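Asker: Provided herewith: input-v9.csv, CSV, C-alpha atoms and all ligand atoms.
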```csv
chain,number,residue,atom,x,y,z
A,512,MET,CA,0.9,26.1,-14.2
A,513,GLN,CA,3.3,24.0,-16.1
A,514,LYS,CA,6.1,22.4,-14.0
A,515,PRO,CA,9.6,23.1,-15.5
A,516,MET,CA,11.9,20.3,-16.5
A,517,ILE,CA,15.3,20.7,-15.1
A,518,GLY,CA,18.4,18.9,-16.3
A,519,VAL,CA,20.7,17.6,-13.5
A,520,VAL,CA,24.3,16.8,-14.3
A,521,PRO,CA,25.1,13.2,-13.2
A,522,LEU,CA,27.9,12.4,-10.8
A,523,TRP,CA,30.6,10.0,-11.9
A,524,ASP,CA,32.1,7.2,-9.7
A,525,ASP,CA,35.6,6.4,-11.0
A,526,GLU,CA,35.9,3.2,-9.0
A,527,LYS,CA,32.6,1.7,-10.1
A,528,GLN,CA,32.7,3.3,-13.6
A,529,SER,CA,29.2,4.4,-13.0
A,530,ILE,CA,27.0,7.5,-12.8
A,531,TRP,CA,25.3,8.2,-9.5
A,532,MET,CA,23.3,10.9,-7.8
A,533,VAL,CA,22.8,12.6,-4.4
A,534,PRO,CA,19.0,12.5,-3.8
A,535,GLY,CA,19.0,16.0,-2.3
A,536,TYR,CA,19.6,17.6,-5.7
A,537,LEU,CA,16.5,16.0,-7.0
A,538,GLU,CA,14.4,16.5,-3.9
A,539,GLY,CA,15.4,20.2,-3.7
A,540,ILE,CA,14.1,20.7,-7.3
A,541,GLU,CA,11.0,18.5,-6.7
A,542,HIS,CA,10.0,20.2,-3.5
A,543,ALA,CA,10.3,23.6,-5.2
A,544,GLY,CA,7.9,22.5,-7.9
A,545,GLY,CA,10.2,21.4,-10.7
A,546,ILE,CA,10.7,18.1,-12.5
A,547,PRO,CA,14.3,16.9,-12.1
A,548,VAL,CA,15.8,15.0,-15.1
A,549,ILE,CA,19.1,13.2,-14.6
A,550,LEU,CA,21.1,13.7,-17.7
A,551,PRO,CA,23.3,11.1,-19.5
A,552,LEU,CA,27.0,11.6,-19.0
A,553,THR,CA,28.0,12.3,-22.6
A,554,THR,CA,30.0,14.8,-24.7
A,555,CYS,CA,28.0,14.1,-27.8
A,556,GLU,CA,26.5,17.3,-29.0
A,557,GLN,CA,23.8,15.5,-31.0
A,558,VAL,CA,22.6,14.1,-27.8
A,559,LEU,CA,23.0,17.2,-25.7
A,560,SER,CA,21.7,19.8,-28.1
A,561,PRO,CA,18.1,18.4,-28.2
A,562,LEU,CA,18.1,18.0,-24.4
A,563,ILE,CA,19.2,21.7,-24.1
A,564,GLU,CA,16.3,22.7,-26.3
A,565,MET,CA,13.8,20.6,-24.3
A,566,LEU,CA,14.8,21.5,-20.8
A,567,ASP,CA,13.9,24.7,-18.9
A,568,GLY,CA,17.0,25.0,-16.7
A,569,PHE,CA,20.2,23.2,-15.5
A,570,LEU,CA,21.6,22.2,-12.2
A,571,PHE,CA,25.4,21.9,-12.2
A,572,THR,CA,26.1,19.5,-9.4
A,573,GLY,CA,29.2,19.0,-7.2
A,574,GLY,CA,31.9,16.4,-7.9
A,575,HIS,CA,35.4,16.2,-9.4
A,576,ASP,CA,37.8,19.1,-9.4
A,577,VAL,CA,37.5,21.2,-12.5
A,578,SER,CA,40.4,20.5,-14.9
A,579,PRO,CA,43.0,23.4,-14.5
A,580,SER,CA,43.3,23.5,-18.3
A,581,LEU,CA,39.9,25.2,-18.2
A,582,TYR,CA,41.5,28.2,-16.5
A,583,GLY,CA,44.8,28.0,-18.2
A,584,GLU,CA,46.9,26.4,-15.5
A,585,GLU,CA,49.0,23.3,-15.2
A,586,MET,CA,47.6,20.7,-12.9
A,587,ALA,CA,49.4,20.9,-9.5
A,588,ALA,CA,50.1,17.8,-7.4
A,589,VAL,CA,47.6,19.0,-4.8
A,590,CYS,CA,44.8,19.1,-7.4
A,591,GLY,CA,42.2,16.3,-6.9
A,592,ALA,CA,40.9,13.9,-9.6
A,593,THR,CA,39.3,15.5,-12.6
A,594,CYS,CA,36.6,14.2,-15.0
A,595,ALA,CA,37.3,15.2,-18.6
A,596,GLU,CA,33.9,14.1,-19.8
A,597,ARG,CA,32.1,16.3,-17.2
A,598,ASP,CA,34.3,19.2,-18.0
A,599,THR,CA,33.4,19.0,-21.7
A,600,MET,CA,29.8,18.2,-21.2
A,601,GLU,CA,29.1,20.9,-18.7
A,602,THR,CA,31.1,23.6,-20.7
A,603,TYR,CA,28.8,22.8,-23.6
A,604,LEU,CA,25.6,22.8,-21.4
A,605,PHE,CA,26.6,26.1,-19.8
A,606,ILE,CA,27.6,27.9,-23.0
A,607,GLU,CA,24.7,26.6,-25.2
A,608,GLY,CA,22.0,26.3,-22.6
A,609,ALA,CA,22.6,29.1,-20.1
A,610,LEU,CA,24.6,31.7,-22.1
A,611,ARG,CA,23.3,31.3,-25.7
A,612,ARG,CA,19.7,30.4,-24.9
A,613,GLY,CA,19.4,32.3,-21.6
A,614,LYS,CA,18.1,29.4,-19.6
A,615,PRO,CA,18.5,29.4,-15.8
A,616,ALA,CA,21.5,27.7,-14.3
A,617,LEU,CA,22.3,26.9,-10.7
A,618,GLY,CA,25.8,25.8,-9.8
A,619,ILE,CA,26.6,24.0,-6.6
A,620,CYS,CA,30.2,23.5,-5.3
A,621,ARG,CA,32.0,22.3,-8.4
A,622,GLY,CA,29.3,24.3,-10.2
A,623,ILE,CA,30.6,27.7,-8.9
A,624,GLN,CA,34.1,26.7,-9.8
A,625,LEU,CA,33.1,25.6,-13.2
A,626,PHE,CA,31.1,28.8,-14.0
A,627,ASN,CA,34.1,30.9,-12.8
A,628,SER,CA,36.5,28.9,-14.9
A,629,ILE,CA,34.4,29.0,-18.1
A,630,LEU,CA,33.9,32.7,-17.7
A,631,GLY,CA,37.6,33.5,-17.4
A,632,GLY,CA,38.3,33.3,-13.7
A,633,THR,CA,40.8,31.0,-11.9
A,634,LEU,CA,40.8,28.7,-8.9
A,635,TYR,CA,42.9,27.7,-6.0
A,636,GLN,CA,43.7,24.1,-6.8
A,637,ASP,CA,43.9,23.3,-3.1
A,638,ILE,CA,42.9,25.8,-0.4
A,639,PRO,CA,45.0,24.3,2.5
A,640,SER,CA,48.3,24.3,0.6
A,641,GLN,CA,47.8,27.4,-1.6
A,642,ARG,CA,46.4,30.0,0.8
A,643,GLU,CA,46.2,30.9,4.4
A,644,SER,CA,42.9,30.4,6.1
A,645,MET,CA,41.7,30.0,9.6
A,646,LEU,CA,38.6,28.1,8.4
A,647,THR,CA,38.1,24.5,7.7
A,648,HIS,CA,36.3,24.3,4.3
A,649,LYS,CA,36.3,20.5,4.2
A,650,GLN,CA,34.1,19.4,7.1
A,651,LEU,CA,33.5,15.9,8.4
A,652,PRO,CA,30.0,14.4,8.3
A,653,PRO,CA,27.2,15.0,9.0
A,654,TYR,CA,27.0,17.4,6.0
A,655,ASP,CA,23.8,19.0,7.0
A,656,MET,CA,25.6,20.7,9.9
A,657,PRO,CA,27.0,24.2,9.4
A,658,ALA,CA,30.8,24.5,9.2
A,659,HIS,CA,31.3,28.2,8.9
A,660,MET,CA,29.5,31.5,8.4
A,661,VAL,CA,29.3,33.5,5.3
A,662,GLU,CA,28.5,37.2,5.0
A,663,VAL,CA,25.7,37.8,2.5
A,664,LEU,CA,26.8,40.9,0.6
A,665,HIS,CA,24.6,43.9,0.8
A,666,GLU,CA,22.3,44.8,-2.1
A,667,THR,CA,22.8,41.5,-3.9
A,668,PRO,CA,20.1,39.2,-5.2
A,669,LEU,CA,21.0,36.7,-2.5
A,670,SER,CA,20.5,39.3,0.2
A,671,TRP,CA,17.1,40.1,-1.2
A,672,LEU,CA,16.3,36.4,-1.3
A,673,VAL,CA,17.3,35.4,2.2
A,674,GLY,CA,16.8,38.7,3.9
A,675,ARG,CA,19.8,38.1,6.2
A,676,LYS,CA,23.3,39.5,6.6
A,677,THR,CA,24.9,36.2,7.5
A,678,LEU,CA,24.2,32.5,6.8
A,679,ALA,CA,25.6,29.4,8.6
A,680,VAL,CA,26.6,27.0,5.8
A,681,ASN,CA,28.1,23.6,5.4
A,682,SER,CA,31.4,23.3,3.6
A,683,TYR,CA,32.8,20.4,1.7
A,684,HIS,CA,35.3,21.7,-0.8
A,685,HIS,CA,39.1,22.0,-1.1
A,686,GLN,CA,39.1,24.3,-4.1
A,687,ALA,CA,37.7,27.8,-4.4
A,688,ILE,CA,37.6,30.9,-6.6
A,689,LYS,CA,41.0,32.6,-6.8
A,690,THR,CA,40.3,35.4,-9.3
A,691,LEU,CA,36.7,36.1,-10.0
A,692,ALA,CA,35.5,36.0,-13.7
A,693,PRO,CA,34.7,39.6,-14.9
A,694,SER,CA,31.0,38.8,-15.6
A,695,LEU,CA,30.3,37.3,-12.1
A,696,MET,CA,29.3,39.3,-9.0
A,697,PRO,CA,30.1,38.0,-5.5
A,698,MET,CA,27.0,37.5,-3.3
A,699,ALA,CA,28.5,35.9,-0.2
A,700,GLN,CA,32.0,35.5,1.3
A,701,ALA,CA,33.5,33.6,4.2
A,702,GLU,CA,35.5,35.2,6.9
A,703,ASP,CA,38.8,34.3,5.2
A,704,GLY,CA,37.6,36.1,2.0
A,705,THR,CA,36.6,32.9,0.1
A,706,ILE,CA,33.9,33.8,-2.4
A,707,GLU,CA,31.0,31.4,-1.5
A,708,ALA,CA,28.2,32.6,-3.8
A,709,VAL,CA,28.0,34.4,-7.1
A,710,CYS,CA,25.6,35.5,-9.8
A,711,MET,CA,25.9,36.8,-13.4
A,712,PRO,CA,24.1,40.2,-13.3
A,713,GLU,CA,23.5,40.3,-17.1
A,714,HIS,CA,21.7,37.0,-17.1
A,715,ARG,CA,18.2,36.3,-15.8
A,716,PHE,CA,19.5,33.5,-13.5
A,717,VAL,CA,23.0,32.2,-13.4
A,718,TRP,CA,23.7,31.7,-9.7
A,719,ALA,CA,26.2,29.5,-7.9
A,720,VAL,CA,27.1,28.6,-4.3
A,721,GLN,CA,30.2,27.0,-2.8
A,722,TRP,CA,28.2,25.2,-0.1
A,723,HIS,CA,25.8,22.3,-0.4
A,724,PRO,CA,22.1,23.2,0.0
A,725,GLU,CA,21.2,19.7,-1.2
A,726,PHE,CA,22.5,18.4,2.1
A,727,SER,CA,20.5,20.9,4.2
A,728,LEU,CA,17.1,21.0,2.5
A,729,GLU,CA,15.3,21.7,5.8
A,730,GLN,CA,17.1,25.0,6.1
A,731,ASP,CA,15.2,28.1,5.1
A,732,ALA,CA,18.1,29.5,2.9
A,733,SER,CA,18.3,26.2,1.0
A,734,ILE,CA,14.6,26.1,0.4
A,735,ARG,CA,14.6,29.7,-0.9
A,736,LEU,CA,17.6,29.0,-3.1
A,737,PHE,CA,16.0,26.0,-4.9
A,738,SER,CA,12.7,27.9,-5.0
A,739,ALA,CA,14.2,30.9,-6.7
A,740,PHE,CA,15.9,28.7,-9.3
A,741,VAL,CA,12.8,26.7,-10.0
A,742,ALA,CA,10.7,29.8,-10.2
A,743,GLN,CA,13.0,31.2,-12.9
A,744,CYS,CA,12.8,27.8,-14.8
A,745,THR,CA,9.0,28.0,-14.5
A,746,LYS,CA,9.0,31.5,-16.0
A,747,HIS,CA,11.1,30.1,-18.8
A,748,ALA,CA,8.8,27.2,-19.4
A,749,GLU,CA,5.8,29.5,-19.6
A,750,ILE,CA,7.5,31.9,-22.1
A,751,CYS,CA,8.2,28.9,-24.3
A,752,GLN,CA,4.6,27.6,-23.9
A,753,SER,CA,3.1,31.0,-24.9
A,754,ARG,CA,5.4,31.1,-27.9
A,755,THR,CA,4.3,27.6,-29.0
A,756,VAL,CA,0.6,28.7,-28.7
A,757,ALA,CA,1.2,31.9,-30.6
A,758,VAL,CA,2.8,30.0,-33.5
B,801,MN,MN,33.4,26.9,2.5
```
What does the file become when written as structure tokens?

Answerer:
Amino acid sequence: MQKPMIGVVPLWDDEKQSIWMVPGYLEGIEHAGGIPVILPLTTCEQVLSPLIEMLDGFLFTGGHDVSPSLYGEEMAAVCGATCAERDTMETYLFIEGALRRGKPALGICRGIQLFNSILGGTLYQDIPSQRESMLTHKQLPPYDMPAHMVEVLHETPLSWLVGRKTLAVNSYHHQAIKTLAPSLMPMAQAEDGTIEAVCMPEHRFVWAVQWHPEFSLEQDASIRLFSAFVAQCTKHAEICQSRTVAV
């Protein structure tokens, strides 16, 4: 069986003017049987387009706040730092790779916010100042410890995957989905109503979570999540392989 090659969006360090990576994103893919490939941080379509063709799926990592212009809002003072290059690059990757070519995509933290913004939803630019909540969504380290519970919504792909009604998840975000994009379906929510996992039912695999499975790779739900993603990427790789052979 061919291992799928999965593009991982790099993180950007403003201070060091350098790309970087959290090892857990790569380990999660590798342990699930995929080959992680860290992408260049670029908005050049002539670079991204061949990569999109070559890769079998995409992992949209955490990081900067999504620019409010993506969901048609002015940037509030409480909004965190944004990264215009990532916004442009990831919008292109998501539309060309996931939507147009049907390749699997997994979004984590910023990833769920990005998918929702591109697909027509909006975000809270800062949870503590823009909505009431009894929960702390921005926990202190260690990040492999659960911070709050989420209810896994009944009869959703996530409920079939984890086979549980609740999950204890970590939480390291100050933004969240405000209005859900029409093409997304909620799969999990926190006690304060925050949408913490979504999927796109009309797509083979566009999933995103607000928590950080890359920090809790020993947890069953994290392993299952990476495995489900990589399995879909494997299927995609095999379909491409059989097409090549047939030609
Ligand atoms: Mn949370």

Asker: List all protein, DNA and RNA residues that have an atom no more than 7 Å from any atom of ligand MN 801 (chain B), counting all atoms listed in the file, and report them as a list in words.

Answerer: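 If we count all atoms listed in the file, the neighbours of ligand MN 801 (chain B) turn out to be His648, His659, Asn681, Ser682, Tyr683, His684, Ala701, Glu707, Gln721 and Trp722 of chain A.
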
Asker: Which neighbours of His542 of chain A fall inside 12 Å, counting all atoms listed in the file, when residues of the same chain fewer than 5 positions from it are skipped, and could you give them as a short mmCIF file (atom, residue, chain, number, x, y, z; two decimals) with C-alpha atoms, keeping the file's coordinate frame?

Answerer:
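The resulting result.cif:
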```cif
data_model
loop_
_atom_site.label_atom_id
_atom_site.label_comp_id
_atom_site.auth_asym_id
_atom_site.auth_seq_id
_atom_site.Cartn_x
_atom_site.Cartn_y
_atom_site.Cartn_z
CA LYS A 514 6.10 22.40 -14.00
CA PRO A 534 19.00 12.50 -3.80
CA GLY A 535 19.00 16.00 -2.30
CA TYR A 536 19.60 17.60 -5.70
CA LEU A 537 16.50 16.00 -7.00
CA PRO A 547 14.30 16.90 -12.10
CA GLU A 725 21.20 19.70 -1.20
CA LEU A 728 17.10 21.00 2.50
CA GLU A 729 15.30 21.70 5.80
CA SER A 733 18.30 26.20 1.00
CA ILE A 734 14.60 26.10 0.40
CA ARG A 735 14.60 29.70 -0.90
CA LEU A 736 17.60 29.00 -3.10
CA PHE A 737 16.00 26.00 -4.90
CA SER A 738 12.70 27.90 -5.00
CA ALA A 739 14.20 30.90 -6.70
CA PHE A 740 15.90 28.70 -9.30
CA VAL A 741 12.80 26.70 -10.00
CA ALA A 742 10.70 29.80 -10.20
#
```

Asker: Given the point (22.7, 25.5, -13.8) in the coordinates of this file, which residues lie within 6 Å, counting all atoms listed in the file, and how would they look as a PyMOL selection string?

Answerer: chain A and resi 569-571+616-618

Asker: Rounded to one decimal in Å, what is the spacing between atom CA of Ala658 of chain A and atom CA of Gly591 of chain A?

Answerer: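 Rounded to one decimal, the two atoms are 21.4 Å apart.
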
Asker: Extract, using all atoms listed in the file, all DNA, RNA and protein residues at most 12 Å from Met645 of chain A, discarding same-chain residues fewer than 6 positions from it, and format them as a PDB file with C-alpha atoms, in the frame of the given file.

Answerer:
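Output file part12.pdb follows:
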```
ATOM      1  CA  ILE A 638      42.900  25.800  -0.400  1.00  0.00           C
ATOM      2  CA  PRO A 639      45.000  24.300   2.500  1.00  0.00           C
ATOM      3  CA  HIS A 659      31.300  28.200   8.900  1.00  0.00           C
ATOM      4  CA  ALA A 701      33.500  33.600   4.200  1.00  0.00           C
ATOM      5  CA  GLU A 702      35.500  35.200   6.900  1.00  0.00           C
ATOM      6  CA  ASP A 703      38.800  34.300   5.200  1.00  0.00           C
ATOM      7  CA  GLY A 704      37.600  36.100   2.000  1.00  0.00           C
ATOM      8  CA  THR A 705      36.600  32.900   0.100  1.00  0.00           C
TER       9      THR A 705
END
```

Asker: Got a sec: who's within 9 Å of Asp598 of chain A, counting all atoms listed in the file, leaving out chain neighbours fewer than 5 positions off, as a compact mmCIF listing (two decimals) with C-alpha atoms, in the coordinates of the input?

Answerer:
```txt
# COMPACT_ATOMS: atom_id res chain seq x y z
CA VAL A 577 37.50 21.20 -12.50
CA SER A 578 40.40 20.50 -14.90
CA LEU A 581 39.90 25.20 -18.20
CA THR A 593 39.30 15.50 -12.60
CA TYR A 603 28.80 22.80 -23.60
CA LEU A 625 33.10 25.60 -13.20
```

Asker: Find the residues with any atom within 9 Å of (26.3, 7.4, -8.6); use only C-alpha atoms and the coordinates as given in the file, and write the answer as an MDAnalysis selection string.

Answerer: chainID A and resid 521:524 527 529:533

Asker: Could you check how far atom CA of Thr633 of chain A sits from atom CA of Tyr582 of chain A, in Å to one decimal?

Answerer: 5.4 Å

Asker: Quick one: pull the distance between atom CA of Pro561 of chain A and atom CA of Gly608 of chain A, Å, one decimal.

Answerer: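 So the two atoms, atom CA of Pro561 of chain A and atom CA of Gly608 of chain A, lie 10.4 Å apart.
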
Asker: Which residue gives the smallest distance to Ser694 of chain A among A:Phe626, A:Phe605, A:Phe726, A:Trp671, with all atoms listed in the file counted?

Answerer: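 Using all atoms listed in the file, Ser694 of chain A sits closest to A:Phe626.
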
Asker: Can you give me N, CA, C and O atoms for segment 639-665 of chain A, written as a short mmCIF file (atom, residue, chain, number, x, y, z; two decimals), in the coordinates of the input?

Answerer:
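Just written: result-v2.cif:
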```cif
data_model
loop_
_atom_site.label_atom_id
_atom_site.label_comp_id
_atom_site.auth_asym_id
_atom_site.auth_seq_id
_atom_site.Cartn_x
_atom_site.Cartn_y
_atom_site.Cartn_z
N PRO A 639 44.04 24.42 1.40
CA PRO A 639 45.00 24.30 2.50
C PRO A 639 46.44 24.57 2.13
O PRO A 639 47.19 25.13 2.92
N SER A 640 46.85 24.15 0.92
CA SER A 640 48.30 24.30 0.60
C SER A 640 48.55 25.56 -0.23
O SER A 640 49.70 25.94 -0.39
N GLN A 641 47.52 26.25 -0.74
CA GLN A 641 47.80 27.40 -1.60
C GLN A 641 47.39 28.74 -1.02
O GLN A 641 47.63 29.77 -1.63
N ARG A 642 46.75 28.72 0.13
CA ARG A 642 46.40 30.00 0.80
C ARG A 642 46.24 29.84 2.25
O ARG A 642 45.93 28.75 2.73
N GLU A 643 46.40 30.94 2.95
CA GLU A 643 46.20 30.90 4.40
C GLU A 643 44.76 31.07 4.73
O GLU A 643 44.09 31.93 4.15
N SER A 644 44.27 30.24 5.63
CA SER A 644 42.90 30.40 6.10
C SER A 644 42.73 29.83 7.46
O SER A 644 43.32 28.79 7.79
N MET A 645 41.94 30.52 8.26
CA MET A 645 41.70 30.00 9.60
C MET A 645 40.45 29.10 9.61
O MET A 645 40.09 28.55 10.64
N LEU A 646 39.86 28.92 8.44
CA LEU A 646 38.60 28.10 8.40
C LEU A 646 38.88 26.74 7.82
O LEU A 646 39.79 26.54 7.02
N THR A 647 38.05 25.81 8.27
CA THR A 647 38.10 24.50 7.70
C THR A 647 36.94 24.46 6.63
O THR A 647 35.77 24.58 6.96
N HIS A 648 37.33 24.32 5.37
CA HIS A 648 36.30 24.30 4.30
C HIS A 648 35.89 22.87 3.95
O HIS A 648 34.95 22.68 3.22
N LYS A 649 36.67 21.89 4.48
CA LYS A 649 36.30 20.50 4.20
C LYS A 649 35.89 19.84 5.50
O LYS A 649 36.72 19.26 6.20
N GLN A 650 34.62 19.93 5.84
CA GLN A 650 34.10 19.40 7.10
C GLN A 650 33.97 17.90 7.05
O GLN A 650 33.94 17.29 5.98
N LEU A 651 33.84 17.30 8.27
CA LEU A 651 33.50 15.90 8.40
C LEU A 651 32.01 15.73 8.44
O LEU A 651 31.31 16.69 8.77
N PRO A 652 31.47 14.55 8.13
CA PRO A 652 30.00 14.40 8.30
C PRO A 652 29.58 14.57 9.70
O PRO A 652 30.40 14.39 10.60
N PRO A 653 28.32 14.90 9.96
CA PRO A 653 27.20 15.00 9.00
C PRO A 653 27.28 16.33 8.20
O PRO A 653 27.60 17.37 8.76
N TYR A 654 26.92 16.24 6.93
CA TYR A 654 27.00 17.40 6.00
C TYR A 654 25.87 18.36 6.09
O TYR A 654 25.88 19.36 5.39
N ASP A 655 24.87 18.02 6.90
CA ASP A 655 23.80 19.00 7.00
C ASP A 655 24.05 19.95 8.20
O ASP A 655 23.25 20.83 8.49
N MET A 656 25.21 19.79 8.85
CA MET A 656 25.60 20.70 9.90
C MET A 656 26.40 21.88 9.36
O MET A 656 27.28 21.66 8.51
N PRO A 657 26.16 23.11 9.85
CA PRO A 657 27.00 24.20 9.40
C PRO A 657 28.43 24.10 9.77
O PRO A 657 28.73 23.56 10.84
N ALA A 658 29.32 24.56 8.88
CA ALA A 658 30.80 24.50 9.20
C ALA A 658 31.36 25.86 9.39
O ALA A 658 32.30 26.02 10.14
N HIS A 659 30.84 26.85 8.69
CA HIS A 659 31.30 28.20 8.90
C HIS A 659 30.24 29.21 8.47
O HIS A 659 29.27 28.83 7.83
N MET A 660 30.46 30.46 8.82
CA MET A 660 29.50 31.50 8.40
C MET A 660 29.90 32.12 7.10
O MET A 660 31.08 32.11 6.75
N VAL A 661 28.93 32.65 6.38
CA VAL A 661 29.30 33.50 5.30
C VAL A 661 28.52 34.84 5.45
O VAL A 661 27.42 34.88 6.01
N GLU A 662 29.17 35.89 5.02
CA GLU A 662 28.50 37.20 5.00
C GLU A 662 27.78 37.32 3.68
O GLU A 662 28.36 37.13 2.61
N VAL A 663 26.49 37.61 3.75
CA VAL A 663 25.70 37.80 2.50
C VAL A 663 25.91 39.28 2.13
O VAL A 663 25.60 40.19 2.92
N LEU A 664 26.45 39.51 0.96
CA LEU A 664 26.80 40.90 0.60
C LEU A 664 25.60 41.74 0.32
O LEU A 664 24.62 41.29 -0.30
N HIS A 665 25.70 42.95 0.82
CA HIS A 665 24.60 43.90 0.80
C HIS A 665 24.17 44.21 -0.65
O HIS A 665 25.00 44.30 -1.56
#
```
